file structure-v7.cif (mmCIF, C-alpha atoms)
data_model
loop_
_atom_site.label_atom_id
_atom_site.label_comp_id
_atom_site.auth_asym_id
_atom_site.auth_seq_id
_atom_site.Cartn_x
_atom_site.Cartn_y
_atom_site.Cartn_z
CA MET Y 1 110.56 87.70 127.71
CA SER Y 2 107.49 86.65 129.65
CA VAL Y 3 104.02 86.79 128.19
CA SER Y 4 101.71 89.47 129.53
CA ALA Y 5 98.07 89.91 128.48
CA GLN Y 6 96.94 93.51 128.30
CA THR Y 7 93.36 92.85 127.26
CA GLY Y 8 91.14 95.39 125.61
CA ALA Y 9 94.05 97.55 124.43
CA VAL Y 10 92.37 99.01 121.34
CA SER Y 11 93.29 102.61 120.65
CA SER Y 12 90.56 105.23 120.90
CA THR Y 13 91.51 106.50 117.44
CA ALA Y 14 90.88 103.11 115.87
CA THR Y 15 87.64 102.56 117.78
CA SER Y 16 86.20 105.96 116.93
CA GLU Y 17 86.46 105.28 113.22
CA LEU Y 18 84.69 101.93 113.39
CA VAL Y 19 81.51 101.76 111.31
CA THR Y 20 78.65 99.30 111.23
CA ALA Y 21 79.69 95.88 109.94
CA PRO Y 22 78.03 93.87 107.19
CA ALA Y 23 75.74 91.28 108.76
CA THR Y 24 77.59 88.47 107.00
CA ALA Y 25 81.05 89.29 108.38
CA ARG Y 26 82.67 86.47 110.38
CA VAL Y 27 82.86 87.31 114.08
CA ASP Y 28 86.65 87.01 114.34
CA LEU Y 29 87.03 89.27 111.31
CA GLU Y 30 84.92 91.89 113.08
CA LEU Y 31 87.25 91.78 116.08
CA ILE Y 32 90.36 91.94 113.92
CA ALA Y 33 88.96 94.99 112.13
CA GLU Y 34 88.68 96.73 115.51
CA LEU Y 35 92.33 96.00 116.26
CA VAL Y 36 93.91 97.43 113.11
CA ALA Y 37 94.77 101.13 113.13
CA PRO Y 38 93.61 103.23 110.15
CA TYR Y 39 95.98 103.71 107.19
CA SER Y 40 98.21 100.82 108.27
CA ARG Y 41 100.27 98.56 106.02
CA VAL Y 42 98.70 95.11 106.33
CA LEU Y 43 99.61 91.66 105.03
CA ASP Y 44 96.85 89.05 105.28
CA VAL Y 45 98.36 85.57 105.11
CA GLY Y 46 95.93 82.87 104.00
CA CYS Y 47 93.46 85.57 103.01
CA GLY Y 48 90.94 83.21 101.39
CA ASP Y 49 88.40 85.09 99.30
CA GLY Y 50 89.62 88.46 100.57
CA ALA Y 51 86.74 89.15 102.97
CA LEU Y 52 89.02 90.54 105.70
CA LEU Y 53 91.12 92.66 103.36
CA SER Y 54 87.95 94.13 101.86
CA LEU Y 55 86.60 94.88 105.33
CA LEU Y 56 89.85 96.55 106.37
CA GLU Y 57 90.06 98.63 103.19
CA MET Y 58 86.47 99.79 103.69
CA ARG Y 59 86.75 100.59 107.39
CA ARG Y 60 90.39 101.40 107.98
CA SER Y 61 91.64 102.63 104.59
CA ILE Y 62 94.60 100.28 104.89
CA ASP Y 63 97.35 99.63 102.36
CA GLY Y 64 96.59 95.91 102.11
CA ARG Y 65 98.32 92.93 100.53
CA GLY Y 66 97.41 89.26 100.66
CA VAL Y 67 98.91 85.80 100.26
CA GLU Y 68 96.62 82.86 99.44
CA LEU Y 69 97.46 79.25 98.65
CA SER Y 70 94.46 78.35 96.49
CA GLN Y 71 94.11 79.69 92.96
CA VAL Y 72 90.35 79.93 93.47
CA GLY Y 73 90.89 82.22 96.45
CA VAL Y 74 93.38 84.37 94.54
CA ASN Y 75 90.90 84.73 91.68
CA GLU Y 76 88.15 85.81 94.09
CA CYS Y 77 90.47 88.39 95.66
CA VAL Y 78 91.50 89.79 92.30
CA ALA Y 79 87.83 90.03 91.33
CA ARG Y 80 87.35 92.21 94.43
CA GLY Y 81 90.18 94.47 93.24
CA LEU Y 82 92.59 93.32 95.96
CA SER Y 83 96.38 93.03 95.70
CA VAL Y 84 96.86 89.31 96.38
CA ILE Y 85 99.43 86.78 95.19
CA GLN Y 86 99.45 83.01 95.32
CA GLY Y 87 101.80 81.71 97.98
CA ASP Y 88 102.34 79.22 100.80
CA ALA Y 89 102.62 80.47 104.40
CA ASP Y 90 104.99 77.61 105.22
CA LYS Y 91 107.44 78.46 102.43
CA ASP Y 92 107.07 81.99 101.10
CA LEU Y 93 107.12 84.32 104.11
CA VAL Y 94 110.92 84.15 104.21
CA TYR Y 95 111.02 86.37 101.11
CA TYR Y 96 109.50 89.35 102.90
CA PRO Y 97 111.95 91.84 104.51
CA ASP Y 98 111.91 92.57 108.24
CA ASP Y 99 109.26 95.07 109.37
CA SER Y 100 107.60 95.23 105.95
CA PHE Y 101 104.15 95.79 107.44
CA ASP Y 102 102.50 97.32 110.47
CA TYR Y 103 100.31 94.23 110.90
CA VAL Y 104 100.59 90.70 109.59
CA ILE Y 105 97.36 88.73 110.01
CA LEU Y 106 96.84 84.98 110.13
CA SER Y 107 93.12 84.36 110.51
CA GLN Y 108 91.86 80.81 111.12
CA THR Y 109 94.93 79.46 109.32
CA ILE Y 110 97.70 78.63 111.81
CA GLN Y 111 96.19 75.20 112.54
CA ALA Y 112 96.38 74.38 108.82
CA THR Y 113 100.10 75.12 108.49
CA HIS Y 114 102.79 72.43 108.58
CA ASN Y 115 105.14 74.43 110.84
CA PRO Y 116 103.10 76.76 113.07
CA LYS Y 117 106.08 77.84 115.18
CA THR Y 118 108.12 78.85 112.13
CA VAL Y 119 105.16 80.61 110.55
CA LEU Y 120 104.45 82.58 113.73
CA ALA Y 121 108.11 83.57 114.03
CA GLU Y 122 107.99 84.86 110.45
CA LEU Y 123 104.84 86.90 111.18
CA LEU Y 124 106.62 88.56 114.10
CA ARG Y 125 109.67 89.28 111.95
CA ILE Y 126 107.72 90.75 109.03
CA GLY Y 127 105.22 92.87 110.97
CA GLY Y 128 105.27 95.30 113.85
CA ARG Y 129 102.38 93.26 115.21
CA ALA Y 130 101.00 89.84 114.40
CA ILE Y 131 97.26 89.20 114.70
CA VAL Y 132 96.30 85.54 114.91
CA SER Y 133 92.84 83.98 115.26
CA PHE Y 134 92.14 80.27 115.60
CA PRO Y 135 89.53 77.77 116.84
CA ASN Y 136 90.17 76.64 120.41
CA PHE Y 137 90.60 72.88 120.60
CA GLY Y 138 90.39 73.09 124.40
CA HIS Y 139 86.71 74.11 124.41
CA TRP Y 140 84.48 71.95 126.63
CA SER Y 141 82.40 70.67 123.68
CA ILE Y 142 85.52 69.30 121.99
CA ARG Y 143 86.64 67.68 125.24
CA TYR Y 144 83.20 66.08 125.40
CA TRP Y 145 83.48 64.66 121.89
CA VAL Y 146 86.92 63.18 122.55
CA GLY Y 147 86.58 62.25 126.23
CA LEU Y 148 83.06 60.82 126.40
CA ARG Y 149 82.21 59.90 122.83
CA GLY Y 150 85.69 58.78 121.83
CA ARG Y 151 85.36 60.57 118.48
CA MET Y 152 87.15 63.46 116.81
CA PRO Y 153 84.85 66.48 117.06
CA VAL Y 154 82.60 67.94 114.39
CA THR Y 155 81.35 71.31 115.61
CA LYS Y 156 80.30 74.68 114.21
CA ASN Y 157 83.89 75.92 114.16
CA LEU Y 158 85.40 72.53 113.22
CA SER Y 159 82.80 71.45 110.73
CA GLN Y 160 84.69 68.81 108.74
CA ALA Y 161 85.36 65.19 109.64
CA TRP Y 162 88.90 64.28 110.69
CA TYR Y 163 89.66 62.64 107.33
CA GLU Y 164 88.79 65.68 105.22
CA THR Y 165 89.72 68.68 107.37
CA PRO Y 166 92.61 70.94 106.27
CA ASN Y 167 93.51 71.42 109.95
CA ILE Y 168 96.60 69.43 110.88
CA HIS Y 169 97.83 71.14 114.06
CA PHE Y 170 94.99 71.77 116.48
CA CYS Y 171 95.87 73.87 119.51
CA THR Y 172 94.24 75.29 122.61
CA ILE Y 173 94.40 78.85 123.89
CA ARG Y 174 96.91 77.79 126.53
CA ASP Y 175 99.01 76.04 123.87
CA PHE Y 176 99.14 79.27 121.88
CA VAL Y 177 100.12 81.35 124.91
CA ALA Y 178 102.95 78.87 125.60
CA LEU Y 179 104.13 79.11 121.98
CA ALA Y 180 104.14 82.91 122.12
CA GLU Y 181 106.21 82.76 125.29
CA GLU Y 182 108.65 80.31 123.68
CA LEU Y 183 109.14 82.74 120.80
CA GLY Y 184 109.75 85.64 123.19
CA ALA Y 185 106.62 87.47 122.07
CA THR Y 186 104.38 89.67 124.21
CA VAL Y 187 100.62 89.21 124.09
CA GLU Y 188 99.54 92.81 123.65
CA THR Y 189 95.82 92.07 123.33
CA ALA Y 190 93.84 88.84 123.65
CA MET Y 191 90.17 87.98 123.20
CA ALA Y 192 88.15 84.79 123.56
CA ILE Y 193 84.83 84.34 121.76
CA ASN Y 194 82.08 82.18 123.24
CA ALA Y 195 79.44 80.03 121.51
CA THR Y 196 77.18 83.04 120.86
CA GLY Y 197 79.96 85.01 119.17
CA GLN Y 198 80.43 87.42 122.09
CA LYS Y 199 83.71 88.48 123.66
CA MET Y 200 84.25 86.84 127.02
CA GLY Y 201 85.14 88.69 130.21
CA MET Y 202 88.56 90.23 129.77
CA LYS Y 203 89.69 89.53 133.34
CA MET Y 204 88.94 85.82 133.20
CA PRO Y 205 91.99 83.56 133.71
CA TRP Y 206 93.51 81.58 130.82
CA TRP Y 207 92.00 78.30 132.07
CA PHE Y 208 88.49 79.79 131.85
CA TRP Y 209 89.05 81.02 128.30
CA ASN Y 210 90.56 77.65 127.43
CA LEU Y 211 87.42 75.83 128.62
CA PHE Y 212 84.67 78.13 127.36
CA GLY Y 213 86.18 80.08 124.44
CA GLN Y 214 85.32 78.62 121.04
CA GLN Y 215 87.68 80.96 119.18
CA ALA Y 216 90.53 83.25 120.14
CA VAL Y 217 92.12 86.39 118.70
CA PHE Y 218 95.63 87.45 119.76
CA VAL Y 219 97.75 90.49 119.00
CA LEU Y 220 101.43 89.71 119.45
CA LYS Y 221 104.46 91.97 119.44
CA ARG Y 222 108.16 91.14 119.45
#
call {"tool": "encode", "arguments": {"input": "structure-v7.cif", "output": "structure tokens"}}
result
Amino acid sequence: MSVSAQTGAVSSTATSELVTAPATARVDLELIAELVAPYSRVLDVGCGDGALLSLLEMRRSIDGRGVELSQVGVNECVARGLSVIQGDADKDLVYYPDDSFDYVILSQTIQATHNPKTVLAELLRIGGRAIVSFPNFGHWSIRYWVGLRGRMPVTKNLSQAWYETPNIHFCTIRDFVALAEELGATVETAMAINATGQKMGMKMPWWFWNLFGQQAVFVLKR
């Protein structure tokens, strides 16, 4: 199945119920919150401290669950009153039945997994839709660091040095589109975020997003 990008495909029902966001919310979390329909069943994989699940429960009244690798993150989620278990995205998604959730979310985590292709395939199996956000390693500033300075980049979105970052599989927007196509997934919605945290023009070609988008958010469907 070929990949097709139907950008900006957020339902009017979901958009109409959107409320003002907390000022501290991460920009990709704001976009994800716009993409999730109210009252959905949601699994947040690599949910961290539970910020996204809390946002979705507040705005969308979701039935939310989370999986987090670190015990510290699990403890923070439980303190928020969230239903989160400790687990590894690379190993534990196989235990979830097919179509268990309406949405399975992987936010700023795919580049930290050992087997991104397998993890993404599991997201598509478990959920009706998979929402994935990630930093774009094809951004011009990263190309500058590598091409002209000969150094691995340290930027706002990739803030740790190469020897201490949890990221082990960097990818570009075009890499991700190719992976989705290889898995037979359709890109239902796609967004690129520029350096100021704004959504880029929806009709821009992939190469433009790949060069100027610092982050990306994709909604995939089998």
call {"tool": "closest_atom_pairs", "arguments": {"input": "structure-v7.cif", "of": "range 190-214 of chain Y", "to": "range 27-35 of chain Y", "cutoff": "10 Å", "atoms": "all atoms listed in the file", "output": "Markdown table"}}
result
| residue | atom | partner | partner_atom | distance |
| --- | --- | --- | --- | --- |
| Y:Met191 | CA | Y:Leu31 | CA | 8.6 |
| Y:Ala192 | CA | Y:Asp28 | CA | 9.6 |
| Y:Ile193 | CA | Y:Asp28 | CA | 8.1 |
| Y:Thr196 | CA | Y:Val27 | CA | 9.8 |
| Y:Gly197 | CA | Y:Val27 | CA | 6.3 |
| Y:Gln198 | CA | Y:Val27 | CA | 8.4 |
| Y:Lys199 | CA | Y:Leu31 | CA | 9.0 |
call {"tool": "write_last_selection", "arguments": {"input": "structure-v7.cif", "atoms": "C-alpha atoms", "output": "PDB file, in the coordinates of the input"}}
result
ATOM      1  CA  MET Y 191      90.170  87.980 123.200  1.00  0.00           C
ATOM      2  CA  ALA Y 192      88.150  84.790 123.560  1.00  0.00           C
ATOM      3  CA  ILE Y 193      84.830  84.340 121.760  1.00  0.00           C
ATOM      4  CA  THR Y 196      77.180  83.040 120.860  1.00  0.00           C
ATOM      5  CA  GLY Y 197      79.960  85.010 119.170  1.00  0.00           C
ATOM      6  CA  GLN Y 198      80.430  87.420 122.090  1.00  0.00           C
ATOM      7  CA  LYS Y 199      83.710  88.480 123.660  1.00  0.00           C
TER       8      LYS Y 199
END
call {"tool": "closest_residue", "arguments": {"input": "structure-v7.cif", "among": "Y:Pro38, Y:Gly48, Y:Gly213, Y:Gly64", "to": "Gln108 in chain Y", "atoms": "only C-alpha atoms"}}
result
Y:Gly48
call {"tool": "atom_distance", "arguments": {"input": "structure-v7.cif", "atom1": "CA of Asp44 in chain Y", "atom2": "CA of Leu106 in chain Y"}}
result
6.3 Å
call {"tool": "resolve_selection", "arguments": {"input": "structure-v7.cif", "expression": "the PyMOL selection byres ((chain Y and resi 72) around 12)", "output": "number ranges by chain"}}
result
Y: 47-50, 68-71, 73-79, 84-86
call {"tool": "closest_residue", "arguments": {"input": "structure-v7.cif", "among": "Y:Val132, Y:Leu120, Y:Ala195, Y:Leu56", "to": "Glu182 in chain Y", "atoms": "all atoms listed in the file"}}
result
Y:Leu120
call {"tool": "atom_distance", "arguments": {"input": "structure-v7.cif", "atom1": "CA of Asp90 in chain Y", "atom2": "CA of Ile168 in chain Y"}}
result
13.0 Å
call {"tool": "closest_residue", "arguments": {"input": "structure-v7.cif", "among": "Y:Ala180, Y:Ala89, Y:Val219, Y:Ile105", "to": "Val119 in chain Y", "atoms": "all atoms listed in the file"}}
result
Y:Ala89
call {"tool": "residues_around", "arguments": {"input": "structure-v7.cif", "residues": "Phe212 in chain Y", "least_positions_apart": "5", "cutoff": "10 Å", "atoms": "only C-alpha atoms", "output": "ChimeraX atom specification"}}
result
/Y:136,138-141,192-195,200,207
call {"tool": "residues_around", "arguments": {"input": "structure-v7.cif", "residues": "Phe170 in chain Y", "least_positions_apart": "5", "cutoff": "10 Å", "atoms": "only C-alpha atoms", "output": "number ranges by chain"}}
result
Y: 110-112, 134-138, 175
call {"tool": "axis_aligned_box", "arguments": {"input": "structure-v7.cif", "around": "range 208-213 of chain Y", "padding_each_side": "8 Å", "output": "JSON"}}
result
{"center_x": 87.6, "center_y": 78.4, "center_z": 128.1, "size_x": 21.9, "size_y": 21.2, "size_z": 23.4}
call {"tool": "atom_distance", "arguments": {"input": "structure-v7.cif", "atom1": "CA of Ala185 in chain Y", "atom2": "CA of Asp63 in chain Y"}}
result
24.9 Å
call {"tool": "decode", "arguments": {"input": "structure-v7.cif", "residues": "range 30-78 of chain Y", "atoms": "N, CA and C atoms", "output": "compact mmCIF listing (two decimals), in the first residue's frame"}}
result
# COMPACT_ATOMS: atom_id res chain seq x y z
N GLU Y 30 0.84 19.26 22.42
CA GLU Y 30 -0.31 20.08 22.04
C GLU Y 30 -0.92 19.57 20.73
N LEU Y 31 -0.07 19.28 19.76
CA LEU Y 31 -0.56 18.82 18.46
C LEU Y 31 -1.21 17.44 18.58
N ILE Y 32 -0.60 16.57 19.37
CA ILE Y 32 -1.17 15.24 19.56
C ILE Y 32 -2.55 15.34 20.22
N ALA Y 33 -2.68 16.24 21.18
CA ALA Y 33 -3.97 16.41 21.85
C ALA Y 33 -5.05 16.81 20.86
N GLU Y 34 -4.70 17.58 19.84
CA GLU Y 34 -5.67 17.97 18.81
C GLU Y 34 -6.10 16.79 17.93
N LEU Y 35 -5.25 15.79 17.86
CA LEU Y 35 -5.49 14.68 16.93
C LEU Y 35 -6.30 13.53 17.53
N VAL Y 36 -6.43 13.51 18.83
CA VAL Y 36 -7.11 12.40 19.51
C VAL Y 36 -8.59 12.75 19.72
N ALA Y 37 -9.47 11.88 19.26
CA ALA Y 37 -10.90 12.11 19.41
C ALA Y 37 -11.32 11.93 20.87
N PRO Y 38 -12.31 12.69 21.33
CA PRO Y 38 -12.79 12.55 22.71
C PRO Y 38 -13.28 11.14 23.01
N TYR Y 39 -13.10 10.74 24.26
CA TYR Y 39 -13.60 9.47 24.80
C TYR Y 39 -12.95 8.24 24.17
N SER Y 40 -11.78 8.42 23.58
CA SER Y 40 -11.08 7.31 22.94
C SER Y 40 -10.34 6.46 23.96
N ARG Y 41 -10.03 5.23 23.55
CA ARG Y 41 -9.13 4.36 24.32
C ARG Y 41 -7.72 4.62 23.82
N VAL Y 42 -6.83 5.02 24.73
CA VAL Y 42 -5.49 5.45 24.34
C VAL Y 42 -4.43 4.72 25.16
N LEU Y 43 -3.39 4.26 24.47
CA LEU Y 43 -2.21 3.71 25.13
C LEU Y 43 -1.03 4.62 24.78
N ASP Y 44 -0.39 5.18 25.80
CA ASP Y 44 0.78 6.03 25.61
C ASP Y 44 2.02 5.22 25.96
N VAL Y 45 2.82 4.91 24.95
CA VAL Y 45 4.01 4.08 25.13
C VAL Y 45 5.22 4.98 25.34
N GLY Y 46 5.95 4.74 26.44
CA GLY Y 46 7.04 5.64 26.80
C GLY Y 46 6.48 6.95 27.30
N CYS Y 47 5.53 6.86 28.24
CA CYS Y 47 4.73 8.02 28.64
C CYS Y 47 5.45 8.98 29.59
N GLY Y 48 6.68 8.64 30.01
CA GLY Y 48 7.44 9.56 30.84
C GLY Y 48 6.75 9.86 32.15
N ASP Y 49 6.59 11.15 32.45
CA ASP Y 49 5.96 11.55 33.71
C ASP Y 49 4.45 11.64 33.61
N GLY Y 50 3.89 11.27 32.46
CA GLY Y 50 2.45 11.26 32.29
C GLY Y 50 1.85 12.58 31.83
N ALA Y 51 2.67 13.50 31.35
CA ALA Y 51 2.17 14.82 30.94
C ALA Y 51 1.13 14.71 29.83
N LEU Y 52 1.39 13.85 28.83
CA LEU Y 52 0.45 13.72 27.71
C LEU Y 52 -0.84 13.05 28.15
N LEU Y 53 -0.74 11.98 28.91
CA LEU Y 53 -1.94 11.31 29.38
C LEU Y 53 -2.81 12.25 30.21
N SER Y 54 -2.18 13.05 31.07
CA SER Y 54 -2.93 14.02 31.87
C SER Y 54 -3.63 15.04 30.98
N LEU Y 55 -2.91 15.51 29.96
CA LEU Y 55 -3.48 16.48 29.03
C LEU Y 55 -4.68 15.89 28.29
N LEU Y 56 -4.54 14.64 27.85
CA LEU Y 56 -5.62 13.99 27.12
C LEU Y 56 -6.82 13.69 28.02
N GLU Y 57 -6.57 13.32 29.26
CA GLU Y 57 -7.69 13.08 30.18
C GLU Y 57 -8.44 14.38 30.45
N MET Y 58 -7.69 15.47 30.59
CA MET Y 58 -8.31 16.76 30.88
C MET Y 58 -9.11 17.28 29.69
N ARG Y 59 -8.54 17.17 28.48
CA ARG Y 59 -9.17 17.78 27.31
C ARG Y 59 -10.11 16.85 26.56
N ARG Y 60 -9.78 15.58 26.53
CA ARG Y 60 -10.50 14.64 25.67
C ARG Y 60 -11.28 13.57 26.43
N SER Y 61 -11.17 13.58 27.73
CA SER Y 61 -11.88 12.58 28.56
C SER Y 61 -11.62 11.17 28.07
N ILE Y 62 -10.35 10.88 27.78
CA ILE Y 62 -9.99 9.57 27.24
C ILE Y 62 -9.99 8.50 28.33
N ASP Y 63 -10.03 7.25 27.90
CA ASP Y 63 -9.74 6.10 28.76
C ASP Y 63 -8.28 5.77 28.49
N GLY Y 64 -7.38 6.28 29.32
CA GLY Y 64 -5.95 6.22 29.05
C GLY Y 64 -5.18 5.21 29.86
N ARG Y 65 -4.20 4.60 29.21
CA ARG Y 65 -3.25 3.69 29.86
C ARG Y 65 -1.85 4.10 29.40
N GLY Y 66 -0.85 3.74 30.19
CA GLY Y 66 0.52 4.09 29.83
C GLY Y 66 1.50 2.97 30.12
N VAL Y 67 2.59 2.99 29.36
CA VAL Y 67 3.72 2.08 29.57
C VAL Y 67 4.97 2.93 29.66
N GLU Y 68 5.75 2.76 30.72
CA GLU Y 68 6.96 3.56 30.91
C GLU Y 68 8.09 2.68 31.43
N LEU Y 69 9.27 2.86 30.86
CA LEU Y 69 10.42 2.03 31.22
C LEU Y 69 10.98 2.37 32.60
N SER Y 70 11.10 3.65 32.91
CA SER Y 70 11.76 4.05 34.16
C SER Y 70 10.80 3.99 35.35
N GLN Y 71 11.31 3.51 36.47
CA GLN Y 71 10.50 3.45 37.68
C GLN Y 71 10.16 4.85 38.17
N VAL Y 72 11.07 5.79 37.98
CA VAL Y 72 10.81 7.18 38.37
C VAL Y 72 9.61 7.72 37.61
N GLY Y 73 9.58 7.47 36.29
CA GLY Y 73 8.45 7.92 35.49
C GLY Y 73 7.15 7.28 35.92
N VAL Y 74 7.17 5.98 36.18
CA VAL Y 74 5.97 5.28 36.64
C VAL Y 74 5.46 5.90 37.94
N ASN Y 75 6.38 6.17 38.85
CA ASN Y 75 5.99 6.76 40.14
C ASN Y 75 5.34 8.13 39.95
N GLU Y 76 5.88 8.93 39.03
CA GLU Y 76 5.31 10.25 38.77
C GLU Y 76 3.92 10.12 38.16
N CYS Y 77 3.73 9.14 37.28
CA CYS Y 77 2.41 8.92 36.68
C CYS Y 77 1.40 8.48 37.73
N VAL Y 78 1.79 7.57 38.58
CA VAL Y 78 0.89 7.09 39.63
C VAL Y 78 0.51 8.23 40.56
